[in-house]
file input-v2.cif (mmCIF, C-alpha atoms and all ligand atoms)
data_final
loop_
_atom_site.label_atom_id
_atom_site.label_comp_id
_atom_site.auth_asym_id
_atom_site.auth_seq_id
_atom_site.Cartn_x
_atom_site.Cartn_y
_atom_site.Cartn_z
CA MET C 1 1.69 8.88 20.67
CA GLU C 2 2.33 7.40 24.09
CA HIS C 3 5.90 6.71 25.22
CA LYS C 4 6.38 3.13 26.37
CA HIS C 5 9.40 4.06 28.43
CA SER C 6 11.17 7.16 29.59
CA GLU C 7 14.72 6.56 28.24
CA LYS C 8 15.90 8.91 25.55
CA LYS C 9 18.03 6.18 24.02
CA MET C 10 17.47 2.51 23.43
CA ASN C 11 19.09 -0.63 22.12
CA VAL C 12 17.57 -2.29 19.12
CA ARG C 13 17.83 -5.85 17.86
CA LEU C 14 16.86 -6.38 14.25
CA LYS C 15 16.08 -9.48 12.21
CA ILE C 16 16.01 -8.38 8.59
CA TRP C 17 15.20 -10.26 5.39
CA ARG C 18 18.17 -10.24 3.02
CA GLN C 19 17.84 -11.36 -0.59
CA GLU C 20 20.33 -10.62 -3.36
CA GLY C 21 17.83 -10.64 -6.19
CA PRO C 22 14.43 -11.82 -7.43
CA LYS C 23 15.65 -15.32 -8.27
CA THR C 24 17.96 -15.97 -5.32
CA PRO C 25 16.74 -17.45 -2.06
CA GLY C 26 16.65 -15.07 0.89
CA LYS C 27 17.32 -15.45 4.58
CA PHE C 28 17.10 -13.46 7.79
CA GLU C 29 20.15 -11.68 9.15
CA GLU C 30 20.41 -10.26 12.66
CA PHE C 31 21.86 -6.89 13.66
CA SER C 32 22.00 -4.85 16.82
CA LEU C 33 22.25 -1.11 17.36
CA SER C 34 22.87 0.77 20.57
CA ASP C 35 22.10 4.33 21.66
CA ILE C 36 19.24 4.80 19.20
CA LEU C 37 17.18 7.86 20.07
CA THR C 38 13.67 6.92 21.07
CA ASP C 39 12.38 9.91 19.09
CA MET C 40 14.13 8.71 15.93
CA SER C 41 11.88 7.55 13.11
CA PHE C 42 11.98 3.89 12.09
CA LEU C 43 13.53 4.81 8.73
CA GLU C 44 16.16 7.00 10.42
CA MET C 45 17.05 3.99 12.54
CA LEU C 46 17.51 1.96 9.32
CA ASP C 47 19.65 4.81 7.93
CA VAL C 48 21.86 4.51 11.03
CA LEU C 49 22.13 0.76 10.45
CA ASN C 50 23.13 1.30 6.82
CA GLU C 51 25.75 3.92 7.72
CA LYS C 52 27.22 1.37 10.15
CA LEU C 53 27.18 -1.39 7.51
CA ILE C 54 28.81 0.87 4.90
CA HIS C 55 31.43 1.89 7.47
CA GLU C 56 32.17 -1.80 8.07
CA GLY C 57 32.47 -2.45 4.32
CA LYS C 58 29.24 -4.50 4.21
CA ARG C 59 26.30 -4.24 1.82
CA PRO C 60 23.61 -1.91 3.20
CA VAL C 61 20.01 -3.09 3.53
CA GLU C 62 17.88 -2.07 0.55
CA TYR C 63 14.57 -0.48 1.43
CA GLU C 64 12.40 2.17 -0.16
CA SER C 65 11.27 5.60 0.95
CA ASP C 66 10.53 8.92 -0.66
CA CYS C 67 8.31 11.53 1.01
CA ARG C 68 8.81 10.30 4.59
CA GLU C 69 5.57 12.02 5.54
CA GLY C 70 2.92 9.41 4.75
CA ILE C 71 1.88 10.47 1.27
CA CYS C 72 3.84 8.53 -1.35
CA GLY C 73 3.30 4.91 -0.26
CA THR C 74 6.82 3.67 -0.99
CA CYS C 75 7.99 2.86 2.56
CA SER C 76 6.26 -0.51 2.66
CA LEU C 77 7.65 -2.85 5.30
CA MET C 78 6.24 -5.75 7.27
CA ILE C 79 7.40 -5.03 10.82
CA SER C 80 7.14 -7.83 13.37
CA GLY C 81 4.28 -9.31 11.36
CA GLN C 82 2.32 -6.09 10.96
CA ALA C 83 2.13 -4.10 7.74
CA HIS C 84 3.71 -0.67 8.46
CA GLY C 85 4.32 -1.70 12.08
CA PRO C 86 2.28 -1.60 15.27
CA ASN C 87 0.54 1.79 14.92
CA ARG C 88 -2.88 1.98 13.25
CA GLY C 89 -3.44 4.55 10.51
CA ALA C 90 0.25 5.26 9.96
CA THR C 91 2.87 4.41 7.35
CA THR C 92 6.32 3.01 8.15
CA CYS C 93 7.84 6.48 7.76
CA GLN C 94 5.43 7.78 10.43
CA LEU C 95 6.57 5.14 12.92
CA TYR C 96 8.96 6.16 15.73
CA MET C 97 11.29 4.04 17.81
CA ARG C 98 9.43 4.99 20.99
CA SER C 99 6.73 2.57 19.83
CA PHE C 100 9.11 -0.31 20.62
CA ASP C 101 10.59 -1.59 23.87
CA ASN C 102 14.26 -1.36 24.74
CA ASN C 103 16.08 -4.45 23.36
CA GLU C 104 12.94 -5.66 21.60
CA LEU C 105 13.69 -7.95 18.65
CA ILE C 106 12.11 -6.33 15.59
CA THR C 107 11.58 -8.45 12.50
CA ILE C 108 11.56 -6.60 9.17
CA GLU C 109 10.35 -8.27 5.99
CA PRO C 110 9.25 -7.17 2.52
CA TRP C 111 5.61 -7.48 1.49
CA ARG C 112 4.92 -11.18 0.88
CA ALA C 113 2.76 -11.63 -2.21
CA LYS C 114 3.27 -13.42 -5.53
CA SER C 115 2.25 -10.25 -7.37
CA PHE C 116 4.84 -8.17 -5.48
CA PRO C 117 8.08 -10.06 -6.24
CA VAL C 118 11.13 -9.14 -4.18
CA ILE C 119 13.70 -7.10 -6.10
CA ARG C 120 16.28 -6.98 -3.33
CA ASP C 121 16.09 -7.27 0.48
CA LEU C 122 13.01 -5.25 1.50
CA VAL C 123 12.24 -3.77 -1.91
CA THR C 124 9.40 -5.30 -3.91
CA ASP C 125 8.17 -4.72 -7.44
CA ARG C 126 4.68 -3.21 -7.13
CA SER C 127 4.27 -2.35 -10.80
CA SER C 128 1.23 -4.67 -10.81
CA PHE C 129 -0.60 -1.78 -9.10
CA ASP C 130 0.51 0.58 -11.89
CA ARG C 131 -0.91 -1.81 -14.48
CA ILE C 132 -4.26 -1.91 -12.65
CA ILE C 133 -4.34 1.90 -12.77
CA SER C 134 -3.33 1.94 -16.44
CA ALA C 135 -6.23 -0.41 -17.21
CA GLY C 136 -8.78 2.25 -16.27
CA GLY C 137 -7.97 4.21 -13.12
CA TYR C 138 -8.30 7.62 -14.72
CA VAL C 139 -10.83 10.03 -16.19
CA SER C 140 -10.24 10.95 -19.85
CA VAL C 141 -10.42 14.69 -20.33
CA LYS C 142 -10.23 16.98 -23.31
CA THR C 143 -7.60 19.66 -22.96
CA GLY C 144 -8.69 23.28 -23.11
CA PRO C 145 -9.90 25.92 -20.70
CA HIS C 146 -10.96 24.42 -17.39
CA ALA C 147 -14.60 24.51 -16.45
CA ASP C 148 -15.91 26.72 -13.64
CA ALA C 149 -15.52 24.97 -10.29
CA ASN C 150 -19.28 25.06 -9.71
CA ALA C 151 -20.27 23.99 -13.25
CA ILE C 152 -20.94 20.43 -12.03
CA LEU C 153 -22.58 20.29 -8.62
CA VAL C 154 -21.62 17.35 -6.41
CA ALA C 155 -23.44 16.39 -3.23
CA LYS C 156 -21.29 16.89 -0.13
CA ASP C 157 -21.59 13.31 1.15
CA LEU C 158 -20.56 11.92 -2.26
CA SER C 159 -17.56 14.23 -2.54
CA ASP C 160 -16.53 13.33 1.02
CA ARG C 161 -16.72 9.59 0.27
CA ALA C 162 -14.86 10.04 -3.02
CA MET C 163 -12.13 12.01 -1.23
CA ASP C 164 -11.86 9.30 1.44
CA ALA C 165 -11.33 6.69 -1.29
CA ALA C 166 -8.84 8.97 -3.06
CA ALA C 167 -6.69 8.98 0.09
CA CYS C 168 -5.25 5.58 -0.95
CA ILE C 169 -1.50 5.97 -1.47
CA GLY C 170 -0.97 2.64 -3.24
CA CYS C 171 1.36 1.27 -0.57
CA GLY C 172 0.20 -2.34 -0.87
CA ALA C 173 -0.25 -2.98 2.87
CA CYS C 174 -3.76 -4.28 2.13
CA VAL C 175 -2.30 -6.99 -0.11
CA ALA C 176 0.47 -7.85 2.37
CA ALA C 177 -1.99 -8.16 5.27
CA CYS C 178 -4.52 -10.28 3.38
CA PRO C 179 -4.08 -14.07 3.68
CA ASN C 180 -5.31 -14.29 0.05
CA ALA C 181 -3.01 -11.45 -1.11
CA SER C 182 -6.08 -9.76 -2.54
CA ALA C 183 -5.76 -6.28 -4.06
CA SER C 184 -9.48 -5.62 -3.64
CA LEU C 185 -9.13 -2.71 -1.20
CA PHE C 186 -6.65 -0.86 -3.41
CA THR C 187 -8.57 -1.49 -6.66
CA SER C 188 -11.91 -0.66 -5.08
CA ALA C 189 -10.59 2.65 -3.71
CA LYS C 190 -9.38 3.60 -7.17
CA ILE C 191 -12.71 2.61 -8.77
CA THR C 192 -14.84 4.28 -6.10
CA GLN C 193 -13.12 7.66 -6.17
CA PHE C 194 -14.41 8.06 -9.75
CA ALA C 195 -17.64 6.08 -9.53
CA LEU C 196 -19.08 8.46 -6.93
CA LEU C 197 -18.39 11.61 -8.95
CA PRO C 198 -20.23 12.71 -12.10
CA GLN C 199 -16.92 13.26 -13.91
CA GLY C 200 -16.21 9.53 -13.54
CA HIS C 201 -19.54 8.27 -14.87
CA PRO C 202 -18.96 8.16 -18.66
CA GLU C 203 -16.19 5.54 -18.29
CA ARG C 204 -17.44 3.76 -15.17
CA SER C 205 -18.45 0.44 -16.78
CA ARG C 206 -15.29 0.11 -18.83
CA ARG C 207 -13.20 1.17 -15.81
CA ALA C 208 -14.69 -1.42 -13.44
CA ILE C 209 -14.39 -4.30 -15.92
CA ARG C 210 -10.85 -3.47 -17.00
CA MET C 211 -9.43 -2.79 -13.55
CA VAL C 212 -10.96 -5.88 -11.94
CA ASP C 213 -9.87 -8.05 -14.87
CA GLN C 214 -6.34 -6.64 -14.63
CA MET C 215 -6.28 -7.29 -10.89
CA ASP C 216 -7.10 -10.95 -11.61
CA LYS C 217 -4.54 -11.14 -14.43
CA GLU C 218 -1.83 -9.90 -12.07
CA GLY C 219 -2.43 -12.94 -9.87
CA PHE C 220 -3.89 -11.25 -6.78
CA GLY C 221 -6.17 -13.47 -4.70
CA SER C 222 -9.86 -12.96 -4.23
CA CYS C 223 -11.53 -11.18 -1.33
CA SER C 224 -13.09 -13.44 1.30
CA ASN C 225 -14.12 -10.56 3.55
CA LEU C 226 -11.52 -11.14 6.27
CA GLN C 227 -11.09 -7.35 6.71
CA GLU C 228 -7.36 -7.59 7.42
CA CYS C 229 -6.81 -5.05 4.64
CA GLU C 230 -8.88 -2.36 6.32
CA ALA C 231 -7.09 -2.93 9.65
CA ALA C 232 -3.66 -2.61 8.01
CA CYS C 233 -4.41 0.35 5.77
CA PRO C 234 -2.48 3.47 6.85
CA LYS C 235 -5.15 5.66 5.25
CA LYS C 236 -8.07 3.79 6.86
CA ILE C 237 -9.66 3.03 3.50
CA SER C 238 -13.03 1.40 4.18
CA ILE C 239 -13.96 -2.05 2.91
CA GLN C 240 -17.29 -0.48 1.88
CA ASN C 241 -15.35 0.44 -1.25
CA ILE C 242 -15.10 -3.26 -2.07
CA THR C 243 -18.89 -3.48 -2.02
CA ILE C 244 -19.06 -0.53 -4.42
CA MET C 245 -16.47 -2.17 -6.68
CA LYS C 246 -18.48 -5.40 -6.78
CA GLN C 247 -21.65 -3.47 -7.60
CA GLU C 248 -19.88 -1.49 -10.33
CA TYR C 249 -18.43 -4.68 -11.83
CA LEU C 250 -21.74 -6.54 -11.72
CA LYS C 251 -23.68 -3.68 -13.33
CA ALA C 252 -21.03 -3.33 -16.03
CA ALA C 253 -20.97 -7.08 -16.72
CA ILE C 254 -24.78 -7.27 -16.96
CA ALA C 255 -24.84 -4.25 -19.28
CA ALA C 256 -22.11 -5.83 -21.46
CA ASP C 257 -24.07 -9.12 -21.61
CA PHE C 258 -27.21 -7.21 -22.49
CA ARG C 259 -25.43 -5.32 -25.28
CA ALA C 260 -23.96 -8.57 -26.58
CA GLY C 261 -27.42 -10.14 -26.53
CA MET C 262 -28.89 -7.18 -28.41
CA GLY C 263 -26.03 -7.45 -30.92
CA SER C 264 -26.70 -11.12 -31.61
CA ALA C 265 -30.45 -10.49 -31.80
CA ASP C 266 -29.82 -7.67 -34.28
CA GLY C 267 -27.39 -9.87 -36.19
CA GLY C 268 -29.96 -12.64 -36.43
CA ALA C 269 -32.73 -10.30 -37.56
S1 LIG E 1 -6.01 0.68 0.25
FE1 LIG E 1 -4.74 1.39 2.01
S2 LIG E 1 -3.30 -0.31 2.32
FE2 LIG E 1 -4.14 -0.57 0.27
S3 LIG E 1 -2.74 0.45 -1.13
FE3 LIG E 1 -4.33 1.96 -0.55
S4 LIG E 1 -3.48 3.05 1.21
FE4 LIG E 1 -2.25 1.20 1.00
S1 LIG E 2 8.06 7.46 2.49
FE1 LIG E 2 6.26 8.24 1.53
S2 LIG E 2 4.62 7.31 2.62
FE2 LIG E 2 6.40 6.71 3.69
#

call {"tool": "encode", "arguments": {"input": "input-v2.cif", "output": "structure tokens", "more": "lines below"}}
Ligand code: SF4
Ligand code: FES
result
Amino acid sequence: MEHKHSEKKMNVRLKIWRQEGPKTPGKFEEFSLSDILTDMSFLEMLDVLNEKLIHEGKRPVEYESDCREGICGTCSLMISGQAHGPNRGATTCQLYMRSFDNNELITIEPWRAKSFPVIRDLVTDRSSFDRIISAGGYVSVKTGPHADANAILVAKDLSDRAMDAAACIGCGACVAACPNASASLFTSAKITQFALLPQGHPERSRRAIRMVDQMDKEGFGSCSNLQECEAACPKKISIQNITIMKQEYLKAAIAADFRAGMGSADGGA
């Protein structure tokens, strides 16, 4: 990553969204920090802020993190209007202060989406994603001895594409970046990772219908192909997955209609 300036330390001005709880109105609060190391991570800088606030007897800023290495998807912040900050293909925890200018005013907000309600400050409730997964984002397996690794052959290009889709970490940046707050990129990645592999085929129709229906039930908006999701995604999940999701859903819906038609024809016979 390129250094914007040569100083080892910098001053930071922060404008952070503060909100006591889901039902209370929030507002921005401004803070400033001096002598922040330019090689400090963004989350370490927030840790420094919170230590200062605690020292002053004030309530620290609530934000989430876990792995701090780009794999868990919890560190979801809107930073100066960009999901996960200014760097492409990186999560908030992979962002370093050297990506900002000295004295730059940095605005930090939670994800803004009806289906991700704010719990407190920068923490949102993203359990809507969990419910989409519960609706069908799995492959049912019988327990017992595992099969030989080469028992089911998978073409290399399909396994590569499935692995690319499986890289989604469920962070929600795609929803936050989308003007419609659509969860299509997330849901499509989770559908595609199974749809492309033979192990995912037995449940593919049920999976597509249930996950897309759950996405709609959770109140996410629809996809109008603006591609903001792909640009914001720290794992560079491709919007081609959305095309696959639409195909999977359409095939499943037609098959369901056909079966229903056969059922009524049988019933009438
Ligand atoms: S598709 Fe990308 S932006 Fe959306 S939840 Fe997955 S990793 Fe995050
Ligand atoms: S803390 Fe896990 S991805 Fe950032």

call {"tool": "residues_near_ligand", "arguments": {"input": "input-v2.cif", "ligand": "ligand LIG 1 (chain E)", "cutoff": "8 Å", "atoms": "only C-alpha atoms and all ligand atoms", "output": "PyMOL selection string"}}
result
chain C and resi 73+167-175+183+185-187+189+229-230+232-237

call {"tool": "closest_atom_pairs", "arguments": {"input": "input-v2.cif", "of": "chain C", "to": "ligand LIG 2 (chain E)", "cutoff": "6 Å", "atoms": "all atoms listed in the file", "output": "Markdown table"}}
result
| residue | atom | partner | partner_atom | distance |
| --- | --- | --- | --- | --- |
| C:Ser65 | CA | E:LIG2 | S1 | 4.0 |
| C:Asp66 | CA | E:LIG2 | S1 | 4.3 |
| C:Cys67 | CA | E:LIG2 | FE1 | 3.9 |
| C:Arg68 | CA | E:LIG2 | S1 | 3.6 |
| C:Glu69 | CA | E:LIG2 | FE1 | 5.6 |
| C:Gly70 | CA | E:LIG2 | S2 | 3.4 |
| C:Ile71 | CA | E:LIG2 | S2 | 4.4 |
| C:Cys72 | CA | E:LIG2 | FE1 | 3.8 |
| C:Gly73 | CA | E:LIG2 | S2 | 4.0 |
| C:Thr74 | CA | E:LIG2 | FE1 | 5.2 |
| C:Cys75 | CA | E:LIG2 | FE2 | 4.3 |
| C:Thr91 | CA | E:LIG2 | FE2 | 5.6 |
| C:Thr92 | CA | E:LIG2 | FE2 | 5.8 |
| C:Cys93 | CA | E:LIG2 | FE2 | 4.3 |

call {"tool": "atom_distance", "arguments": {"input": "input-v2.cif", "atom1": "atom CA of Ala181 of chain C", "atom2": "atom CA of Gly221 of chain C"}}
result
5.2 Å

call {"tool": "closest_residue", "arguments": {"input": "input-v2.cif", "among": "C:Ile36, C:Leu49, C:Ile106, C:Ile239", "to": "Lys15 of chain C", "atoms": "only C-alpha atoms"}}
result
C:Ile106

call {"tool": "residues_around", "arguments": {"input": "input-v2.cif", "residues": "Pro22 of chain C", "least_positions_apart": "2", "cutoff": "12 Å", "atoms": "all atoms listed in the file", "output": "PDB file with C-alpha atoms, in the frame of the given file"}}
result
ATOM      1  CA  ARG C  18      18.170 -10.240   3.020  1.00  0.00           C
ATOM      2  CA  GLN C  19      17.840 -11.360  -0.590  1.00  0.00           C
ATOM      3  CA  GLU C  20      20.330 -10.620  -3.360  1.00  0.00           C
ATOM      4  CA  THR C  24      17.960 -15.970  -5.320  1.00  0.00           C
ATOM      5  CA  PRO C  25      16.740 -17.450  -2.060  1.00  0.00           C
ATOM      6  CA  GLY C  26      16.650 -15.070   0.890  1.00  0.00           C
ATOM      7  CA  LYS C 114       3.270 -13.420  -5.530  1.00  0.00           C
ATOM      8  CA  PHE C 116       4.840  -8.170  -5.480  1.00  0.00           C
ATOM      9  CA  PRO C 117       8.080 -10.060  -6.240  1.00  0.00           C
ATOM     10  CA  VAL C 118      11.130  -9.140  -4.180  1.00  0.00           C
ATOM     11  CA  ILE C 119      13.700  -7.100  -6.100  1.00  0.00           C
ATOM     12  CA  ARG C 120      16.280  -6.980  -3.330  1.00  0.00           C
ATOM     13  CA  ASP C 121      16.090  -7.270   0.480  1.00  0.00           C
ATOM     14  CA  LEU C 122      13.010  -5.250   1.500  1.00  0.00           C
ATOM     15  CA  VAL C 123      12.240  -3.770  -1.910  1.00  0.00           C
ATOM     16  CA  THR C 124       9.400  -5.300  -3.910  1.00  0.00           C
ATOM     17  CA  ASP C 125       8.170  -4.720  -7.440  1.00  0.00           C
TER      18      ASP C 125
END

call {"tool": "residues_around", "arguments": {"input": "input-v2.cif", "residues": "Arg210 of chain C", "least_positions_apart": "2", "cutoff": "10 Å", "atoms": "all atoms listed in the file", "output": "PyMOL selection string"}}
result
chain C and resi 132-137+204-208+212-216+249

call {"tool": "atom_distance", "arguments": {"input": "input-v2.cif", "atom1": "atom CA of Leu37 of chain C", "atom2": "atom CA of Lys8 of chain C"}}
result
5.7 Å

call {"tool": "residues_around", "arguments": {"input": "input-v2.cif", "residues": "Glu109 of chain C", "least_positions_apart": "3", "cutoff": "7 Å", "atoms": "all atoms listed in the file", "output": "list in words"}}
result
Ile16, Trp17, Leu77, Met78, Ile79 and Leu122 of chain C

call {"tool": "closest_residue", "arguments": {"input": "input-v2.cif", "among": "C:Arg161, C:Asp148, C:Asn241, C:Met45", "to": "Arg98 of chain C", "atoms": "all atoms listed in the file"}}
result
C:Met45

call {"tool": "residues_around", "arguments": {"input": "input-v2.cif", "residues": "Glu104 of chain C", "least_positions_apart": "2", "cutoff": "10 Å", "atoms": "all atoms listed in the file", "output": "compact mmCIF listing (two decimals) with C-alpha atoms, keeping the file's coordinate frame"}}
result
# COMPACT_ATOMS: atom_id res chain seq x y z
CA MET C 10 17.47 2.51 23.43
CA ASN C 11 19.09 -0.63 22.12
CA VAL C 12 17.57 -2.29 19.12
CA ARG C 13 17.83 -5.85 17.86
CA LEU C 14 16.86 -6.38 14.25
CA PHE C 100 9.11 -0.31 20.62
CA ASP C 101 10.59 -1.59 23.87
CA ASN C 102 14.26 -1.36 24.74
CA ILE C 106 12.11 -6.33 15.59
CA THR C 107 11.58 -8.45 12.50

call {"tool": "closest_residue", "arguments": {"input": "input-v2.cif", "among": "C:Ile209, C:Arg259, C:Glu228, C:Pro198", "to": "Ala155 of chain C", "atoms": "only C-alpha atoms"}}
result
C:Pro198

call {"tool": "closest_residue", "arguments": {"input": "input-v2.cif", "among": "C:Ile54, C:Gln193, C:His84, C:Leu105", "to": "Ser32 of chain C", "atoms": "all atoms listed in the file"}}
result
C:Leu105

call {"tool": "closest_residue", "arguments": {"input": "input-v2.cif", "among": "C:Leu250, C:Ala177, C:Leu196, C:Met97", "to": "Glu44 of chain C", "atoms": "only C-alpha atoms"}}
result
C:Met97

call {"tool": "closest_residue", "arguments": {"input": "input-v2.cif", "among": "C:Ser184, C:Gln227, C:Gln199, C:Thr38", "to": "Ile242 of chain C", "atoms": "all atoms listed in the file"}}
result
C:Ser184

call {"tool": "atom_distance", "arguments": {"input": "input-v2.cif", "atom1": "atom CA of Arg112 of chain C", "atom2": "atom CA of Ser128 of chain C"}}
result
13.9 Å

call {"tool": "decode", "arguments": {"input": "input-v2.cif", "residues": "segment 233-257 of chain C", "atoms": "N, CA and C atoms", "output": "PDB file, in the first residue's frame"}}
result
ATOM      1  N   CYS C 233     -17.346  -4.760  -2.199  1.00  0.00           N
ATOM      2  CA  CYS C 233     -17.118  -6.068  -1.560  1.00  0.00           C
ATOM      3  C   CYS C 233     -15.622  -6.285  -1.257  1.00  0.00           C
ATOM      4  N   PRO C 234     -15.277  -6.541  -0.005  1.00  0.00           N
ATOM      5  CA  PRO C 234     -13.860  -6.747   0.324  1.00  0.00           C
ATOM      6  C   PRO C 234     -13.309  -8.056  -0.232  1.00  0.00           C
ATOM      7  N   LYS C 235     -14.181  -8.953  -0.636  1.00  0.00           N
ATOM      8  CA  LYS C 235     -13.741 -10.237  -1.182  1.00  0.00           C
ATOM      9  C   LYS C 235     -13.924 -10.303  -2.697  1.00  0.00           C
ATOM     10  N   LYS C 236     -14.264  -9.170  -3.290  1.00  0.00           N
ATOM     11  CA  LYS C 236     -14.412  -9.046  -4.747  1.00  0.00           C
ATOM     12  C   LYS C 236     -15.349 -10.117  -5.314  1.00  0.00           C
ATOM     13  N   ILE C 237     -16.453 -10.338  -4.605  1.00  0.00           N
ATOM     14  CA  ILE C 237     -17.463 -11.277  -5.105  1.00  0.00           C
ATOM     15  C   ILE C 237     -18.079 -10.680  -6.372  1.00  0.00           C
ATOM     16  N   SER C 238     -18.188 -11.498  -7.408  1.00  0.00           N
ATOM     17  CA  SER C 238     -18.644 -11.004  -8.707  1.00  0.00           C
ATOM     18  C   SER C 238     -20.172 -10.954  -8.784  1.00  0.00           C
ATOM     19  N   ILE C 239     -20.672  -9.920  -9.481  1.00  0.00           N
ATOM     20  CA  ILE C 239     -22.129  -9.839  -9.665  1.00  0.00           C
ATOM     21  C   ILE C 239     -22.633 -10.922 -10.630  1.00  0.00           C
ATOM     22  N   GLN C 240     -21.715 -11.658 -11.272  1.00  0.00           N
ATOM     23  CA  GLN C 240     -22.170 -12.801 -12.088  1.00  0.00           C
ATOM     24  C   GLN C 240     -22.933 -13.802 -11.225  1.00  0.00           C
ATOM     25  N   ASN C 241     -22.616 -13.806  -9.930  1.00  0.00           N
ATOM     26  CA  ASN C 241     -23.348 -14.693  -9.021  1.00  0.00           C
ATOM     27  C   ASN C 241     -24.831 -14.337  -8.957  1.00  0.00           C
ATOM     28  N   ILE C 242     -25.132 -13.048  -9.127  1.00  0.00           N
ATOM     29  CA  ILE C 242     -26.539 -12.630  -9.091  1.00  0.00           C
ATOM     30  C   ILE C 242     -27.273 -13.207 -10.296  1.00  0.00           C
ATOM     31  N   THR C 243     -26.591 -13.252 -11.437  1.00  0.00           N
ATOM     32  CA  THR C 243     -27.199 -13.869 -12.626  1.00  0.00           C
ATOM     33  C   THR C 243     -27.479 -15.347 -12.354  1.00  0.00           C
ATOM     34  N   ILE C 244     -26.519 -16.020 -11.734  1.00  0.00           N
ATOM     35  CA  ILE C 244     -26.720 -17.451 -11.424  1.00  0.00           C
ATOM     36  C   ILE C 244     -27.891 -17.611 -10.452  1.00  0.00           C
ATOM     37  N   MET C 245     -27.965 -16.730  -9.444  1.00  0.00           N
ATOM     38  CA  MET C 245     -29.074 -16.820  -8.488  1.00  0.00           C
ATOM     39  C   MET C 245     -30.418 -16.657  -9.196  1.00  0.00           C
ATOM     40  N   LYS C 246     -30.491 -15.699 -10.117  1.00  0.00           N
ATOM     41  CA  LYS C 246     -31.753 -15.462 -10.828  1.00  0.00           C
ATOM     42  C   LYS C 246     -32.119 -16.677 -11.678  1.00  0.00           C
ATOM     43  N   GLN C 247     -31.101 -17.277 -12.311  1.00  0.00           N
ATOM     44  CA  GLN C 247     -31.365 -18.477 -13.120  1.00  0.00           C
ATOM     45  C   GLN C 247     -31.849 -19.629 -12.225  1.00  0.00           C
ATOM     46  N   GLU C 248     -31.172 -19.813 -11.103  1.00  0.00           N
ATOM     47  CA  GLU C 248     -31.539 -20.886 -10.173  1.00  0.00           C
ATOM     48  C   GLU C 248     -32.978 -20.698  -9.680  1.00  0.00           C
ATOM     49  N   TYR C 249     -33.311 -19.439  -9.347  1.00  0.00           N
ATOM     50  CA  TYR C 249     -34.646 -19.156  -8.818  1.00  0.00           C
ATOM     51  C   TYR C 249     -35.707 -19.400  -9.890  1.00  0.00           C
ATOM     52  N   LEU C 250     -35.419 -18.929 -11.110  1.00  0.00           N
ATOM     53  CA  LEU C 250     -36.382 -19.066 -12.200  1.00  0.00           C
ATOM     54  C   LEU C 250     -36.631 -20.536 -12.522  1.00  0.00           C
ATOM     55  N   LYS C 251     -35.537 -21.308 -12.621  1.00  0.00           N
ATOM     56  CA  LYS C 251     -35.680 -22.751 -12.926  1.00  0.00           C
ATOM     57  C   LYS C 251     -36.481 -23.438 -11.832  1.00  0.00           C
ATOM     58  N   ALA C 252     -36.187 -23.084 -10.583  1.00  0.00           N
ATOM     59  CA  ALA C 252     -36.886 -23.714  -9.456  1.00  0.00           C
ATOM     60  C   ALA C 252     -38.363 -23.334  -9.463  1.00  0.00           C
ATOM     61  N   ALA C 253     -38.656 -22.068  -9.761  1.00  0.00           N
ATOM     62  CA  ALA C 253     -40.056 -21.616  -9.760  1.00  0.00           C
ATOM     63  C   ALA C 253     -40.837 -22.273 -10.886  1.00  0.00           C
ATOM     64  N   ILE C 254     -40.198 -22.404 -12.062  1.00  0.00           N
ATOM     65  CA  ILE C 254     -40.884 -23.060 -13.196  1.00  0.00           C
ATOM     66  C   ILE C 254     -41.139 -24.522 -12.859  1.00  0.00           C
ATOM     67  N   ALA C 255     -40.127 -25.183 -12.267  1.00  0.00           N
ATOM     68  CA  ALA C 255     -40.291 -26.600 -11.909  1.00  0.00           C
ATOM     69  C   ALA C 255     -41.402 -26.761 -10.879  1.00  0.00           C
ATOM     70  N   ALA C 256     -41.487 -25.831  -9.921  1.00  0.00           N
ATOM     71  CA  ALA C 256     -42.524 -25.902  -8.879  1.00  0.00           C
ATOM     72  C   ALA C 256     -43.903 -25.715  -9.510  1.00  0.00           C
ATOM     73  N   ASP C 257     -44.006 -24.761 -10.446  1.00  0.00           N
ATOM     74  CA  ASP C 257     -45.278 -24.521 -11.152  1.00  0.00           C
ATOM     75  C   ASP C 257     -45.687 -25.763 -11.930  1.00  0.00           C
TER      76      ASP C 257
END
